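query.txt, holding compact mmCIF, C-alpha atoms and all ligand atoms:
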# COMPACT_ATOMS: atom_id res chain seq x y z
CA MET A 1 82.54 200.61 60.91
CA ALA A 2 83.29 196.93 61.01
CA VAL A 3 86.33 194.84 61.74
CA GLU A 4 87.75 193.91 58.34
CA ARG A 5 90.76 192.13 56.88
CA THR A 6 92.79 193.31 53.94
CA LEU A 7 95.78 192.05 51.98
CA SER A 8 99.02 194.03 51.98
CA ILE A 9 102.06 193.48 49.81
CA ILE A 10 105.35 195.23 50.48
CA LYS A 11 106.64 195.30 46.90
CA PRO A 12 110.17 194.46 45.66
CA ASP A 13 111.32 198.11 45.57
CA ALA A 14 110.56 198.65 49.27
CA VAL A 15 112.10 195.30 50.24
CA GLU A 16 115.29 196.16 48.28
CA LYS A 17 115.53 199.53 50.03
CA GLN A 18 115.09 197.87 53.46
CA HIS A 19 111.82 199.62 54.29
CA ILE A 20 109.99 196.51 55.55
CA GLY A 21 110.34 197.48 59.20
CA ALA A 22 109.42 201.13 58.69
CA ILE A 23 106.29 200.19 56.71
CA LEU A 24 105.16 197.61 59.27
CA ALA A 25 105.69 200.19 62.03
CA LEU A 26 103.35 202.60 60.20
CA VAL A 27 100.81 199.79 59.80
CA GLU A 28 100.81 198.99 63.53
CA ARG A 29 100.81 202.67 64.49
CA ALA A 30 97.66 203.10 62.37
CA GLY A 31 95.94 200.55 64.61
CA LEU A 32 96.04 197.66 62.14
CA SER A 33 97.02 194.21 63.42
CA ILE A 34 99.19 191.82 61.41
CA LYS A 35 97.34 188.48 61.40
CA ALA A 36 99.42 186.48 58.92
CA MET A 37 102.64 187.11 57.01
CA ARG A 38 104.89 185.51 54.39
CA MET A 39 107.99 186.59 52.51
CA LEU A 40 108.27 185.10 49.03
CA HIS A 41 109.60 185.71 45.56
CA LEU A 42 106.63 185.77 43.19
CA THR A 43 106.84 183.62 40.10
CA ARG A 44 105.64 185.10 36.83
CA PRO A 45 102.38 183.05 36.86
CA MET A 46 101.67 184.13 40.45
CA ALA A 47 102.18 187.83 39.62
CA GLU A 48 100.15 187.55 36.40
CA GLY A 49 97.35 185.79 38.28
CA PHE A 50 97.32 188.32 41.10
CA TYR A 51 97.12 191.26 38.69
CA ALA A 52 94.88 189.51 36.12
CA VAL A 53 92.39 192.39 36.33
CA HIS A 54 95.05 194.64 34.76
CA LYS A 55 96.13 192.27 31.97
CA GLU A 56 94.84 194.51 29.16
CA ARG A 57 96.56 197.61 30.56
CA PRO A 58 99.63 198.95 28.74
CA PHE A 59 101.72 198.70 31.91
CA PHE A 60 100.90 195.02 32.62
CA GLY A 61 104.23 193.64 31.33
CA GLU A 62 106.21 196.22 33.27
CA LEU A 63 104.14 195.51 36.39
CA VAL A 64 104.80 191.75 36.22
CA GLU A 65 108.54 192.34 35.62
CA PHE A 66 108.66 194.63 38.64
CA MET A 67 106.69 192.37 40.96
CA THR A 68 108.89 189.36 40.16
CA ARG A 69 112.29 191.03 40.38
CA GLY A 70 112.81 190.34 44.08
CA PRO A 71 111.06 189.12 47.21
CA VAL A 72 107.88 190.65 48.60
CA VAL A 73 106.27 190.58 52.04
CA VAL A 74 102.60 189.63 51.96
CA SER A 75 100.41 190.07 55.02
CA VAL A 76 96.84 189.98 56.24
CA LEU A 77 95.95 193.13 58.19
CA GLU A 78 92.95 193.37 60.49
CA GLY A 79 91.20 196.27 62.17
CA GLN A 80 88.22 198.61 62.17
CA ASP A 81 87.64 199.68 58.57
CA ALA A 82 90.93 198.02 57.64
CA ILE A 83 90.46 198.17 53.85
CA ALA A 84 89.91 201.94 53.66
CA LYS A 85 92.29 202.63 56.53
CA TYR A 86 95.16 200.84 54.78
CA ARG A 87 94.39 202.48 51.42
CA GLU A 88 94.54 205.84 53.21
CA LEU A 89 97.85 204.94 54.88
CA MET A 90 99.27 203.80 51.52
CA GLY A 91 98.46 207.07 49.75
CA ALA A 92 97.67 207.64 46.07
CA THR A 93 98.92 205.15 43.44
CA ASN A 94 101.19 207.87 42.04
CA PRO A 95 103.41 209.11 44.89
CA ALA A 96 103.42 212.57 43.29
CA ASN A 97 99.75 212.76 44.37
CA ALA A 98 100.16 211.01 47.74
CA ALA A 99 99.48 212.89 50.99
CA GLU A 100 102.28 213.72 53.42
CA GLY A 101 103.08 210.91 55.83
CA THR A 102 101.66 208.15 53.64
CA ILE A 103 103.74 205.09 52.76
CA ARG A 104 103.88 205.98 49.07
CA LYS A 105 104.82 209.60 49.77
CA LEU A 106 107.63 208.40 52.01
CA TYR A 107 108.91 205.38 50.09
CA ALA A 108 107.56 205.14 46.52
CA LYS A 109 109.58 206.17 43.47
CA ASP A 110 106.83 206.53 40.86
CA VAL A 111 103.42 205.23 39.77
CA GLY A 112 104.90 201.80 38.95
CA GLU A 113 107.41 201.25 41.76
CA ASN A 114 105.10 202.37 44.51
CA ALA A 115 106.17 200.33 47.53
CA VAL A 116 102.89 198.70 48.57
CA HIS A 117 99.68 197.03 47.50
CA GLY A 118 96.41 197.05 49.44
CA SER A 119 93.06 195.48 48.56
CA ASP A 120 90.51 197.95 47.20
CA GLY A 121 87.26 196.43 48.55
CA PRO A 122 85.77 193.56 50.57
CA ASP A 123 85.49 191.18 47.60
CA THR A 124 89.03 191.75 46.37
CA ALA A 125 90.31 191.51 49.96
CA ALA A 126 88.74 188.06 50.36
CA THR A 127 90.02 186.89 46.96
CA GLU A 128 93.52 188.26 47.52
CA ILE A 129 93.82 186.82 51.04
CA ARG A 130 92.84 183.39 49.71
CA TYR A 131 95.35 183.78 46.86
CA PHE A 132 98.28 183.98 49.26
CA PHE A 133 96.88 182.26 52.36
CA PRO A 134 94.78 179.36 51.10
CA GLY A 135 92.70 177.93 53.89
CA TYR A 136 92.95 181.10 55.95
CA GLU A 137 89.65 181.99 57.61
CA VAL A 138 88.68 185.26 55.86
P1 LIG B 1 96.68 200.60 43.35
O1 LIG B 1 97.90 199.75 43.62
O2 LIG B 1 96.79 201.95 44.00
O3 LIG B 1 95.39 199.90 43.68
P2 LIG B 1 96.06 200.09 40.52
O4 LIG B 1 95.22 198.96 41.01
O5 LIG B 1 95.44 201.09 39.60
O6 LIG B 1 96.68 200.91 41.77
O7 LIG B 1 97.36 199.53 39.79
C1 LIG B 1 98.01 198.38 40.27
C2 LIG B 1 99.50 198.61 40.21
O8 LIG B 1 99.92 198.71 38.84
C3 LIG B 1 100.00 199.93 40.83
O9 LIG B 1 100.12 199.88 42.23
C4 LIG B 1 101.33 200.11 40.15
O10 LIG B 1 102.35 199.28 40.71
C5 LIG B 1 101.00 199.63 38.73
N1 LIG B 1 100.59 200.75 37.88
C6 LIG B 1 99.41 201.41 37.91
N2 LIG B 1 99.36 202.39 36.99
C7 LIG B 1 100.56 202.36 36.35
C8 LIG B 1 101.14 203.12 35.28
N3 LIG B 1 100.47 204.11 34.72
N4 LIG B 1 102.40 202.80 34.90
C9 LIG B 1 103.08 201.78 35.47
N5 LIG B 1 102.59 201.02 36.48
C10 LIG B 1 101.35 201.30 36.92
MG MG B 2 94.50 198.24 42.83
Whole structure, structure tokens version:
Amino acid sequence: MAVERTLSIIKPDAVEKQHIGAILALVERAGLSIKAMRMLHLTRPMAEGFYAVHKERPFFGELVEFMTRGPVVVSVLEGQDAIAKYRELMGATNPANAAEGTIRKLYAKDVGENAVHGSDGPDTAATEIRYFFPGYEV
């Protein structure tokens, strides 16, 4: 296990429902440290750029609409095995398949409006951290 950093986004649905504090409490309780944080309303180009890997997927338009409909909270999380640890805390993409106690089980509505994003590997973590925190030491 190594100390890693990962990128988290609390998505518009969770911000609208006032779950920012509850989600951050779960993050800290899991032993992850919040190293940087911003609240912002994504523009369409920012959301499209962030999710560029999904641009051929049928749900891409819906995903961009969703991610730009209200503010999000973006943060850099650090800890032992942070990438896998945060993915585990988030739960499955579809909350119907998410384990008890996970963020998505607790707060997500469906496979689209699923409360949080977390990087899926070291390369994407580095790219995603730089996307929102340019100049941040990854
Ligand atoms: P994850 O966020 O768990 O890494 P993916 O990278 O596969 O999941 O998908 C990125 C995001 O796209 C999901 O978190 C979700 O918001 C949205 N999404 C994924 N699959 C679907 C789908 N079938 N319908 C609508 N939105 C989806
Ligand atoms: Mg993903």
Test item: residues at most 10 Å from Tyr136 (chain A), all atoms listed in the file, excluding those fewer than 4 positions along its chain, as a PyMOL selection string: chain A and resi 36+76+126+129-132
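Residues in contact with region 82-89 of chain A at up to 9 Å, not including ones fewer than 6 positions away on its chain and judged by all atoms listed in the file, are A:Ala2, A:Val3, A:Glu4, A:Arg5, A:Thr6, A:Leu7, A:Ser8, A:Leu26, A:Val27, A:Ala30, A:Gly31, A:Leu32, A:Ala99, A:Gly101, A:Thr102, A:Ile103, A:Arg104, A:His117, A:Gly118, A:Ser119, A:Asp120, A:Gly121, A:Pro122, A:Ala125.
Distances here use all atoms listed in the file; by that measure, the residue among A:Ile9, A:Val138, A:Leu42, A:Ala96 closest to ligand MG 2 (chain B) is A:Ile9.
Residue neighbourhood of Leu106 (chain A), excluding near-sequence residues (fewer than 3 positions): Ala14, His19, Ala22, Ile23, Leu26, Leu89, Met90, Gly91, Ala92, Asn94, Pro95, Ala96, Asn97, Ala98, Ala99, Glu100, Gly101, Thr102, Ile103, Lys109, Asp110, Asn114, Ala115 and Val116 of chain A, at 12 Å, using only C-alpha atoms.
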Cut-off 6 Å, only C-alpha atoms and all ligand atoms, neighbours of ligand LIG 1 (chain B) as number ranges by chain: A: 59, 63, 93, 111-114, 117
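Compared by their closest atoms to Ala47 (chain A), and using only C-alpha atoms, the residues A:Met1, A:Ile20, A:Glu128, A:Ile34 rank with A:Glu128 nearest.
Counting only C-alpha atoms and all ligand atoms, the residue from A:Pro12, A:Val64, A:Thr124, A:Lys17 that sits nearest to ligand MG 2 (chain B) is A:Thr124.
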Residue nearest ligand MG 2 (chain B) - candidates A:Gln18, A:Met37, A:Tyr51, A:Pro45, atoms counted: all atoms listed in the file: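 Looking only at the distances to ligand MG 2 (chain B), the closest residue turns out to be A:Tyr51.
Rounded to one decimal, CA of His54 (chain A) and CA of Pro134 (chain A) lie 22.4 Å from each other.
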Among listed residues A:Glu16, A:Leu40, A:Phe50, A:Met67, nearest ligand MG 2 (chain B) (using all atoms listed in the file):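 Nearest candidate to ligand MG 2 (chain B) out of A:Glu16, A:Leu40, A:Phe50, A:Met67: A:Phe50.
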Between CA of Asp123 (chain A) and CA of Arg29 (chain A), distance in Å (one decimal):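 Computed distance, CA of Asp123 (chain A) to CA of Arg29 (chain A), equals 25.5 Å.
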One-decimal distance in Å that lies between CA of Val53 (chain A) and CA of Val74 (chain A):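 Atom-to-atom, CA of Val74 (chain A) and CA of Val53 (chain A) are spaced 18.9 Å apart.
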Which residue of A:Ala108, A:Thr68, A:His41, A:Lys35 approaches Glu137 (chain A) most closely, using all atoms listed in the file: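 Selected residue with least distance to Glu137 (chain A): A:Lys35.
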